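Q: Here you go, data24.tsv (TSV, C-alpha atoms):
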chain	number	residue	atom	x	y	z
K	13	MET	CA	-52.82	259.07	130.46
K	14	SER	CA	-52.71	260.05	126.78
K	15	ARG	CA	-55.74	258.57	125.03
K	16	THR	CA	-54.25	258.99	121.54
K	17	ARG	CA	-51.11	257.07	122.61
K	18	LEU	CA	-53.40	254.42	124.09
K	19	VAL	CA	-55.18	254.07	120.72
K	20	ILE	CA	-51.98	253.76	118.69
K	21	ALA	CA	-50.41	251.36	121.23
K	22	SER	CA	-53.55	249.19	121.22
K	23	SER	CA	-53.68	249.25	117.40
K	24	TYR	CA	-50.11	247.98	116.99
K	25	ALA	CA	-50.53	245.52	119.90
K	26	ALA	CA	-53.64	244.14	118.15
K	27	ILE	CA	-51.67	243.77	114.89
K	28	VAL	CA	-48.90	241.93	116.79
K	29	THR	CA	-51.52	239.69	118.47
K	30	ILE	CA	-53.31	238.83	115.21
K	31	THR	CA	-49.96	238.06	113.56
K	32	PHE	CA	-48.90	235.98	116.58
K	33	VAL	CA	-52.14	233.93	116.59
K	34	THR	CA	-51.94	233.33	112.84
K	35	ILE	CA	-48.28	232.26	112.90
K	36	ILE	CA	-48.42	230.07	116.02
K	37	THR	CA	-51.61	228.36	114.75
K	38	ILE	CA	-50.12	227.46	111.38
K	39	TRP	CA	-46.73	226.60	112.89
K	40	ALA	CA	-48.30	224.30	115.51
K	41	GLU	CA	-50.22	222.40	112.82
K	42	LEU	CA	-46.98	221.78	110.94
K	43	ALA	CA	-44.72	221.11	113.96
K	44	ALA	CA	-46.00	218.48	116.39
K	45	PRO	CA	-43.57	219.41	119.23
K	46	LEU	CA	-44.98	222.97	119.32
K	47	LYS	CA	-48.57	221.69	119.42
K	48	ASP	CA	-47.61	219.27	122.19
K	49	TRP	CA	-46.04	222.12	124.16
K	50	LEU	CA	-49.22	224.19	123.72
K	51	LYS	CA	-51.27	221.25	125.04
K	52	ILE	CA	-48.98	220.86	128.06
K	53	PHE	CA	-48.91	224.61	128.81
K	54	SER	CA	-52.59	224.80	129.82
K	55	GLY	CA	-54.09	221.39	129.09
K	56	HIS	CA	-55.46	222.38	125.66
K	57	HIS	CA	-53.73	223.96	122.65
K	58	TRP	CA	-56.56	226.46	122.07
K	59	THR	CA	-56.62	227.57	125.73
K	60	SER	CA	-52.86	228.12	125.55
K	61	LYS	CA	-53.23	230.23	122.39
K	62	SER	CA	-56.02	232.20	124.10
K	63	VAL	CA	-53.92	232.88	127.22
K	64	LEU	CA	-50.84	233.73	125.17
K	65	SER	CA	-52.84	236.06	122.88
K	66	VAL	CA	-54.07	238.01	125.93
K	67	LEU	CA	-50.51	238.21	127.31
K	68	VAL	CA	-49.06	239.27	123.95
K	69	TYR	CA	-51.72	242.00	123.55
K	70	ALA	CA	-51.34	243.32	127.12
K	71	VAL	CA	-47.53	243.32	127.13
K	72	ALA	CA	-47.26	244.78	123.60
K	73	ALA	CA	-49.80	247.52	124.42
K	74	ALA	CA	-47.97	248.44	127.65
K	75	VAL	CA	-44.53	248.51	126.00
K	76	LEU	CA	-45.72	250.40	122.91
K	77	TYR	CA	-47.55	252.96	125.08
K	78	LYS	CA	-44.22	253.72	126.78
K	79	VAL	CA	-42.24	253.73	123.52
K	80	PHE	CA	-44.51	255.73	121.19
K	81	PRO	CA	-44.43	259.51	121.24
K	82	GLU	CA	-47.69	261.43	120.91
K	83	PRO	CA	-48.93	260.32	117.45
K	84	ASN	CA	-49.78	262.74	114.66
K	85	ASP	CA	-52.99	262.39	112.61
K	86	GLY	CA	-51.48	260.39	109.76
K	87	ARG	CA	-49.66	257.91	111.98
K	88	LEU	CA	-52.76	257.09	113.98
K	89	ARG	CA	-54.89	256.55	110.88
K	90	GLN	CA	-52.13	254.42	109.34
K	91	ALA	CA	-52.06	252.19	112.47
K	92	LEU	CA	-55.84	251.66	112.34
K	93	PHE	CA	-55.71	251.02	108.59
K	94	LEU	CA	-52.97	248.40	109.11
K	95	LEU	CA	-55.01	246.80	111.90
K	96	LEU	CA	-58.04	246.51	109.64
K	97	TRP	CA	-56.01	244.82	106.92
K	98	SER	CA	-54.13	242.55	109.34
K	99	ALA	CA	-57.50	241.17	110.52
K	100	VAL	CA	-58.65	240.57	106.93
K	101	LEU	CA	-55.34	238.95	105.94
K	102	GLY	CA	-55.31	236.82	109.13
K	103	VAL	CA	-58.77	235.43	108.33
K	104	ILE	CA	-57.75	234.71	104.72
K	105	ALA	CA	-54.45	233.08	105.81
K	106	LEU	CA	-56.12	230.74	108.34
K	107	THR	CA	-58.98	229.83	106.00
K	108	VAL	CA	-56.61	229.07	103.11
K	109	PHE	CA	-54.23	227.17	105.42
K	110	TYR	CA	-56.90	224.92	106.97
K	111	THR	CA	-58.47	224.31	103.54
K	112	GLY	CA	-55.06	223.30	102.16
K	113	HIS	CA	-54.31	221.24	105.28
K	114	HIS	CA	-57.62	219.33	104.92
K	115	PHE	CA	-56.99	218.58	101.24
K	116	GLU	CA	-53.33	217.73	102.06
K	117	PHE	CA	-51.85	220.38	99.80
K	118	PHE	CA	-48.94	220.78	102.21
K	119	SER	CA	-47.85	217.16	102.55
F	9	MET	CA	-79.80	219.35	139.06
F	10	ASP	CA	-78.50	222.55	140.68
F	11	LEU	CA	-78.08	225.92	138.98
F	12	ILE	CA	-74.33	225.50	138.36
F	13	ALA	CA	-74.93	222.14	136.68
F	14	ILE	CA	-77.62	223.72	134.46
F	15	LEU	CA	-75.29	226.59	133.50
F	16	GLN	CA	-72.56	224.07	132.64
F	17	SER	CA	-74.82	221.96	130.43
F	18	LYS	CA	-74.19	221.91	126.67
F	19	PRO	CA	-77.38	223.64	125.41
F	20	VAL	CA	-77.12	226.46	127.97
F	21	LEU	CA	-73.43	227.03	127.20
F	22	ILE	CA	-74.10	227.15	123.44
F	23	GLY	CA	-77.07	229.46	124.00
F	24	LEU	CA	-75.04	231.84	126.17
F	25	HIS	CA	-72.06	231.74	123.75
F	26	LEU	CA	-74.32	232.54	120.78
F	27	GLY	CA	-76.54	235.03	122.63
F	28	LEU	CA	-73.60	237.05	123.96
F	29	ALA	CA	-71.96	237.05	120.51
F	30	ILE	CA	-75.22	238.39	119.01
F	31	ILE	CA	-75.26	241.17	121.65
F	32	GLY	CA	-71.62	241.93	120.72
F	33	ILE	CA	-72.46	242.06	117.00
F	34	ASP	CA	-75.51	244.27	117.63
F	35	ALA	CA	-73.52	246.61	119.89
F	36	PHE	CA	-70.81	247.18	117.25
F	37	LEU	CA	-73.49	247.59	114.57
F	38	TRP	CA	-75.10	250.19	116.86
F	39	LEU	CA	-71.71	251.92	117.19
F	40	PHE	CA	-71.22	251.80	113.40
F	41	GLY	CA	-74.59	253.53	112.99
F	42	LYS	CA	-73.60	256.16	115.57
F	43	LEU	CA	-70.31	256.82	113.80
F	44	ARG	CA	-72.02	257.11	110.41
F	45	GLY	CA	-75.03	259.10	111.62
F	46	HIS	CA	-75.62	262.73	112.41
F	47	GLY	CA	-77.45	262.21	115.71
F	48	SER	CA	-75.91	262.31	119.17
F	49	GLN	CA	-72.11	262.29	118.79
F	50	SER	CA	-71.11	262.57	122.42
F	51	GLN	CA	-68.16	260.51	123.62
F	52	LYS	CA	-70.52	258.57	125.91
F	53	SER	CA	-72.81	257.61	123.00
F	54	HIS	CA	-69.80	255.89	121.37
F	55	PHE	CA	-68.25	254.47	124.52
F	56	VAL	CA	-71.40	252.68	125.76
F	57	PRO	CA	-72.02	250.44	122.69
F	58	ALA	CA	-68.28	249.73	122.28
F	59	THR	CA	-67.98	248.64	125.93
F	60	ILE	CA	-71.15	246.52	125.78
F	61	GLY	CA	-69.84	244.90	122.58
F	62	ALA	CA	-66.34	244.19	123.93
F	63	ALA	CA	-67.67	242.83	127.25
F	64	SER	CA	-70.17	240.58	125.41
F	65	PHE	CA	-67.48	239.16	123.16
F	66	VAL	CA	-65.16	238.50	126.14
F	67	LEU	CA	-67.95	236.59	127.96
F	68	SER	CA	-68.89	234.75	124.75
F	69	TRP	CA	-65.22	233.79	124.32
F	70	ILE	CA	-64.90	232.43	127.88
F	71	ILE	CA	-68.21	230.51	127.78
F	72	GLY	CA	-67.61	229.20	124.24
F	73	GLY	CA	-64.07	228.25	125.24
F	74	TYR	CA	-65.34	226.27	128.24
F	75	TYR	CA	-67.82	224.42	125.99
F	76	TYR	CA	-65.13	223.79	123.37
F	77	VAL	CA	-62.58	222.40	125.83
F	78	VAL	CA	-64.99	220.34	127.96
F	79	TYR	CA	-67.55	219.03	125.43
F	80	TYR	CA	-66.59	219.69	121.82
F	81	GLY	CA	-63.43	217.55	121.58
F	82	ALA	CA	-64.91	214.59	123.43
F	83	GLN	CA	-68.50	214.54	122.09
F	84	VAL	CA	-69.00	216.72	119.01
F	85	LYS	CA	-65.74	216.46	117.08
F	86	PRO	CA	-65.85	212.62	116.82
F	87	ALA	CA	-69.43	212.79	115.42
F	88	ILE	CA	-68.38	215.31	112.77
F	89	LYS	CA	-65.13	213.53	111.86
F	90	SER	CA	-66.90	210.17	111.44
F	91	GLY	CA	-69.79	211.70	109.47
F	92	LEU	CA	-70.14	212.78	105.87
F	93	ALA	CA	-68.63	216.23	106.40
F	94	PRO	CA	-65.32	215.92	108.28
F	95	TRP	CA	-64.25	219.13	106.53
F	96	ALA	CA	-66.68	220.97	108.82
F	97	HIS	CA	-64.25	220.35	111.69
F	98	ASN	CA	-60.99	220.38	109.73
F	99	ILE	CA	-61.65	223.65	107.91
F	100	VAL	CA	-64.61	225.47	109.47
F	101	MET	CA	-64.14	224.75	113.19
F	102	GLU	CA	-60.36	225.10	113.09
F	103	THR	CA	-60.68	228.48	111.34
F	104	LYS	CA	-63.55	229.64	113.59
F	105	GLU	CA	-61.84	228.89	116.89
F	106	HIS	CA	-58.75	230.86	115.89
F	107	ILE	CA	-60.28	233.90	114.18
F	108	PHE	CA	-62.40	234.40	117.32
F	109	LEU	CA	-59.09	235.35	119.00
F	110	PHE	CA	-58.82	238.34	116.61
F	111	ILE	CA	-62.03	239.92	117.89
F	112	ILE	CA	-60.91	240.81	121.43
F	113	PRO	CA	-57.89	243.00	120.49
F	114	LEU	CA	-59.95	244.60	117.70
F	115	ALA	CA	-62.81	245.33	120.10
F	116	MET	CA	-60.47	246.70	122.78
F	117	THR	CA	-58.90	249.07	120.24
F	118	VAL	CA	-62.35	250.36	119.26
F	119	VAL	CA	-63.17	250.86	122.97
F	120	PHE	CA	-60.00	252.97	123.33
F	121	ILE	CA	-60.93	255.02	120.24
F	122	THR	CA	-64.29	255.80	121.84
F	123	LEU	CA	-62.44	257.28	124.84
F	124	LEU	CA	-61.44	260.18	122.57
F	125	ASN	CA	-63.67	263.21	122.80
F	126	LYS	CA	-65.56	264.65	119.83
F	127	GLU	CA	-62.89	267.31	119.12
F	128	ASN	CA	-60.08	264.73	118.97
F	129	MET	CA	-62.17	262.37	116.81
F	130	GLU	CA	-62.73	265.19	114.31
F	131	ARG	CA	-59.17	266.59	114.48
F	132	LEU	CA	-57.59	263.15	113.94
F	133	LYS	CA	-60.22	262.22	111.29
F	134	LEU	CA	-60.85	258.87	112.99
F	135	ARG	CA	-64.63	258.65	112.64
F	136	ARG	CA	-64.67	256.79	109.30
F	137	LEU	CA	-61.85	254.36	110.25
F	138	ALA	CA	-63.46	253.67	113.63
F	139	GLY	CA	-66.67	252.89	111.72
F	140	TYR	CA	-64.84	250.49	109.40
F	141	LEU	CA	-63.21	248.74	112.38
F	142	SER	CA	-66.63	248.36	114.04
F	143	LEU	CA	-68.02	246.97	110.79
F	144	THR	CA	-65.07	244.53	110.56
F	145	ILE	CA	-65.94	243.22	114.04
F	146	VAL	CA	-69.59	242.85	112.95
F	147	ILE	CA	-68.59	240.95	109.78
F	148	LEU	CA	-66.18	238.70	111.72
F	149	GLY	CA	-68.93	238.00	114.28
F	150	LEU	CA	-71.42	237.11	111.53
F	151	LEU	CA	-68.82	234.93	109.78
F	152	ILE	CA	-68.11	233.09	113.04
F	153	GLY	CA	-71.88	232.68	113.55
F	154	ALA	CA	-72.26	231.18	110.06
F	155	PHE	CA	-69.33	228.85	110.78
F	156	GLY	CA	-71.04	227.80	114.03
F	157	PHE	CA	-74.22	226.97	112.10
F	158	ILE	CA	-72.25	224.78	109.65
F	159	ILE	CA	-70.52	222.96	112.55
F	160	SER	CA	-73.83	222.33	114.37
F	161	ALA	CA	-75.45	221.06	111.17
F	162	ALA	CA	-72.47	218.78	110.48
F	163	ALA	CA	-72.63	217.39	114.04
F	164	ARG	CA	-76.35	216.60	113.69
F	165	TRP	CA	-75.72	215.12	110.23
F	166	GLY	CA	-72.82	213.08	111.61
F	167	ALA	CA	-74.86	211.81	114.54
F	168	ALA	CA	-77.74	210.83	112.23
F	169	ASN	CA	-75.55	208.76	109.88
I need this file expressed as structure tokens, please.

A:
Amino acid sequence: MSRTRLVIASSYAAIVTITFVTIITIWAELAAPLKDWLKIFSGHHWTSKSVLSVLVYAVAAAVLYKVFPEPNDGRLRQALFLLLWSAVLGVIALTVFYTGHHFEFFS
Amino acid sequence: MDLIAILQSKPVLIGLHLGLAIIGIDAFLWLFGKLRGHGSQSQKSHFVPATIGAASFVLSWIIGGYYYVVYYGAQVKPAIKSGLAPWAHNIVMETKEHIFLFIIPLAMTVVFITLLNKENMERLKLRRLAGYLSLTIVILGLLIGAFGFIISAAARWGAAN
């Protein structure tokens, strides 16, 4: 097993997972049928998002590990840099969204 | 009351959720110090704190999730929503419960970085970025902890009014 490919696959899988959680969370707040489906899927919308986030991360990491060639220095650092910023932007997006949602900026 | 019932009680669940998250934060802070320092730089000295941190956050997530699903919605959320600070649920709790989901993939990626040996870490120039990722996990953990404090305070405030 190539450990550098594992790192780059995990980095991009984590970016995909953070993006997925951010989008599905905001989307479910704005679209009742999606939130209802998430509740039905596991009994609670948050549990469903948790289970799906694990599945998204695991599947994305496995697929990307197969797809990516051995990464060079710059590509690996770029992936980690993007991961760092995706986490920061995800936190900002959810905080801003729920603040706006509470003060009914979106209705 | 048997042991399982005690472990499933609200104060014990919150204590375990918080305690394990603190261990996770401390472990990634420990790793950050290792990555910044000039002491032992063996692969094992990086792998051990990263693994302890990731495992602690996974357990904290499962235990906190059980508390959230079983108790929070039925008992805590109504007290906050009917109190003087409903925003504590609408903004703080909603944000907290979802950004927690960011920590696990971040922590797993750091664990995989620590599988690289010293030569690869140096050749790929990953030490500084790995340190920043560890610090990001620490900051997210502290932010989630601060959010948890606000939510607990709002629940007590709600229950008192």

Q: Excluding range 130-136 of chain F and its own-chain neighbours fewer than 6 positions away, which residues fall within 7 Å of it when counting all atoms listed in the file? Please give them as a PDB file with C-alpha atoms, keeping the file's coordinate frame.

A:
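And here is the file that came out, part-v8.pdb:
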ATOM      1  CA  ASP K  85     -52.990 262.390 112.610  1.00  0.00           C
ATOM      2  CA  ARG K  89     -54.890 256.550 110.880  1.00  0.00           C
TER       3      ARG K  89
ATOM      4  CA  LEU F  43     -70.310 256.820 113.800  1.00  0.00           C
TER       5      LEU F  43
END

Q: Distance CA of Gln51 in chain F-CA of Leu124 in chain F, one decimal place?

A: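 CA of Leu124 in chain F lies at a distance of 6.8 Å from CA of Gln51 in chain F.
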
Q: Identify which of the residues F:Val100, F:Gly149, F:Gly156, F:Lys18 lies closest to Thr111 in chain K, counting all atoms listed in the file when measuring atom-to-atom distances.

A: F:Val100

Q: Which residues, written as a PyMOL selection string, have at least one atom at most 10 Å from His113 in chain K, with all atoms listed in the file counted and residues fewer than 6 positions away on the same chain left out?

A: (chain K and resi 38+41-42+107+119) or (chain F and resi 98-99)

Q: I need the chain F residues near chain K as a PyMOL selection string; criterion: at most 7 Å, counting only C-alpha atoms.

A: chain F and resi 95+98-99+103+107+109-110+113-114+117+120-121+123-124+132+134+137+141

Q: Quick one, how far is CA of Met129 in chain F from CA of Trp69 in chain F?

A: 29.7 Å

Q: Quick one: of F:Ile112, F:Leu11, F:Ala96, F:Leu150, who's nearest to Ile33 in chain F, counting only C-alpha atoms?

A: F:Leu150

Q: Rounded to one decimal, what separation in Å do you get between CA of Ser68 in chain F and CA of Val20 in chain F?

A: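 It comes out at 12.1 Å.
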
Q: Could you extract range 79-90 of chain F of the given structure into a file holding all heavy atoms, as an mmCIF file, in the first residue's frame?

A:
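Generated file (selection_32.cif):
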data_model
loop_
_atom_site.group_PDB
_atom_site.id
_atom_site.type_symbol
_atom_site.label_atom_id
_atom_site.label_comp_id
_atom_site.auth_asym_id
_atom_site.auth_seq_id
_atom_site.Cartn_x
_atom_site.Cartn_y
_atom_site.Cartn_z
ATOM 1 N N TYR F 79 -31.775 12.119 24.223
ATOM 2 C CA TYR F 79 -32.188 13.091 25.254
ATOM 3 C C TYR F 79 -32.385 14.526 24.760
ATOM 4 O O TYR F 79 -33.297 15.215 25.191
ATOM 5 C CB TYR F 79 -31.156 13.127 26.391
ATOM 6 C CG TYR F 79 -31.062 11.853 27.174
ATOM 7 C CD1 TYR F 79 -29.928 11.046 27.087
ATOM 8 C CD2 TYR F 79 -32.102 11.438 28.011
ATOM 9 C CE1 TYR F 79 -29.835 9.864 27.805
ATOM 10 C CE2 TYR F 79 -32.007 10.253 28.735
ATOM 11 C CZ TYR F 79 -30.873 9.475 28.626
ATOM 12 O OH TYR F 79 -30.789 8.311 29.335
ATOM 13 N N TYR F 80 -31.458 14.990 23.894
ATOM 14 C CA TYR F 80 -31.439 16.421 23.594
ATOM 15 C C TYR F 80 -32.765 16.915 22.989
ATOM 16 O O TYR F 80 -33.356 17.877 23.484
ATOM 17 C CB TYR F 80 -30.269 16.770 22.655
ATOM 18 C CG TYR F 80 -30.233 18.243 22.313
ATOM 19 C CD1 TYR F 80 -29.650 19.165 23.170
ATOM 20 C CD2 TYR F 80 -30.837 18.721 21.140
ATOM 21 C CE1 TYR F 80 -29.655 20.520 22.873
ATOM 22 C CE2 TYR F 80 -30.842 20.068 20.844
ATOM 23 C CZ TYR F 80 -30.248 20.964 21.708
ATOM 24 O OH TYR F 80 -30.271 22.299 21.425
ATOM 25 N N GLY F 81 -33.232 16.215 21.933
ATOM 26 C CA GLY F 81 -34.435 16.669 21.231
ATOM 27 C C GLY F 81 -35.676 16.657 22.106
ATOM 28 O O GLY F 81 -36.535 17.537 22.004
ATOM 29 N N ALA F 82 -35.758 15.657 22.985
ATOM 30 C CA ALA F 82 -36.959 15.502 23.814
ATOM 31 C C ALA F 82 -36.928 16.368 25.068
ATOM 32 O O ALA F 82 -37.965 16.879 25.503
ATOM 33 C CB ALA F 82 -37.110 14.032 24.206
ATOM 34 N N GLN F 83 -35.750 16.546 25.674
ATOM 35 C CA GLN F 83 -35.690 17.204 26.993
ATOM 36 C C GLN F 83 -34.996 18.561 27.006
ATOM 37 O O GLN F 83 -35.408 19.455 27.729
ATOM 38 C CB GLN F 83 -34.986 16.265 27.991
ATOM 39 C CG GLN F 83 -35.745 14.967 28.204
ATOM 40 C CD GLN F 83 -35.018 14.029 29.152
ATOM 41 O OE1 GLN F 83 -34.126 14.432 29.878
ATOM 42 N NE2 GLN F 83 -35.389 12.765 29.140
ATOM 43 N N VAL F 84 -33.925 18.705 26.242
ATOM 44 C CA VAL F 84 -33.098 19.925 26.330
ATOM 45 C C VAL F 84 -33.561 20.992 25.335
ATOM 46 O O VAL F 84 -33.734 22.158 25.693
ATOM 47 C CB VAL F 84 -31.601 19.587 26.119
ATOM 48 C CG1 VAL F 84 -30.738 20.830 26.346
ATOM 49 C CG2 VAL F 84 -31.173 18.464 27.037
ATOM 50 N N LYS F 85 -33.761 20.562 24.098
ATOM 51 C CA LYS F 85 -34.167 21.510 23.051
ATOM 52 C C LYS F 85 -35.433 22.294 23.414
ATOM 53 O O LYS F 85 -35.451 23.528 23.255
ATOM 54 C CB LYS F 85 -34.354 20.745 21.728
ATOM 55 C CG LYS F 85 -34.752 21.600 20.541
ATOM 56 C CD LYS F 85 -34.877 20.709 19.298
ATOM 57 C CE LYS F 85 -35.656 21.382 18.194
ATOM 58 N NZ LYS F 85 -35.841 20.484 17.035
ATOM 59 N N PRO F 86 -36.492 21.631 23.933
ATOM 60 C CA PRO F 86 -37.701 22.407 24.281
ATOM 61 C C PRO F 86 -37.428 23.470 25.345
ATOM 62 O O PRO F 86 -37.994 24.571 25.279
ATOM 63 C CB PRO F 86 -38.668 21.343 24.812
ATOM 64 C CG PRO F 86 -38.192 20.062 24.234
ATOM 65 C CD PRO F 86 -36.709 20.181 24.133
ATOM 66 N N ALA F 87 -36.542 23.151 26.322
ATOM 67 C CA ALA F 87 -36.213 24.136 27.379
ATOM 68 C C ALA F 87 -35.502 25.343 26.786
ATOM 69 O O ALA F 87 -35.777 26.493 27.162
ATOM 70 C CB ALA F 87 -35.345 23.473 28.450
ATOM 71 N N ILE F 88 -34.593 25.096 25.846
ATOM 72 C CA ILE F 88 -33.857 26.211 25.221
ATOM 73 C C ILE F 88 -34.801 27.037 24.345
ATOM 74 O O ILE F 88 -34.825 28.276 24.418
ATOM 75 C CB ILE F 88 -32.673 25.691 24.370
ATOM 76 C CG1 ILE F 88 -31.651 24.971 25.248
ATOM 77 C CG2 ILE F 88 -32.000 26.848 23.620
ATOM 78 C CD1 ILE F 88 -30.525 24.298 24.480
ATOM 79 N N LYS F 89 -35.601 26.351 23.531
ATOM 80 C CA LYS F 89 -36.473 27.049 22.570
ATOM 81 C C LYS F 89 -37.541 27.893 23.274
ATOM 82 O O LYS F 89 -37.979 28.909 22.744
ATOM 83 C CB LYS F 89 -37.144 26.036 21.638
ATOM 84 C CG LYS F 89 -36.177 25.269 20.741
ATOM 85 C CD LYS F 89 -35.850 25.974 19.457
ATOM 86 C CE LYS F 89 -36.888 25.690 18.404
ATOM 87 N NZ LYS F 89 -36.492 26.292 17.102
ATOM 88 N N SER F 90 -37.967 27.441 24.476
ATOM 89 C CA SER F 90 -38.998 28.201 25.187
ATOM 90 C C SER F 90 -38.383 29.231 26.139
ATOM 91 O O SER F 90 -39.110 29.979 26.791
ATOM 92 C CB SER F 90 -39.902 27.241 25.980
ATOM 93 O OG SER F 90 -39.128 26.566 26.950
#
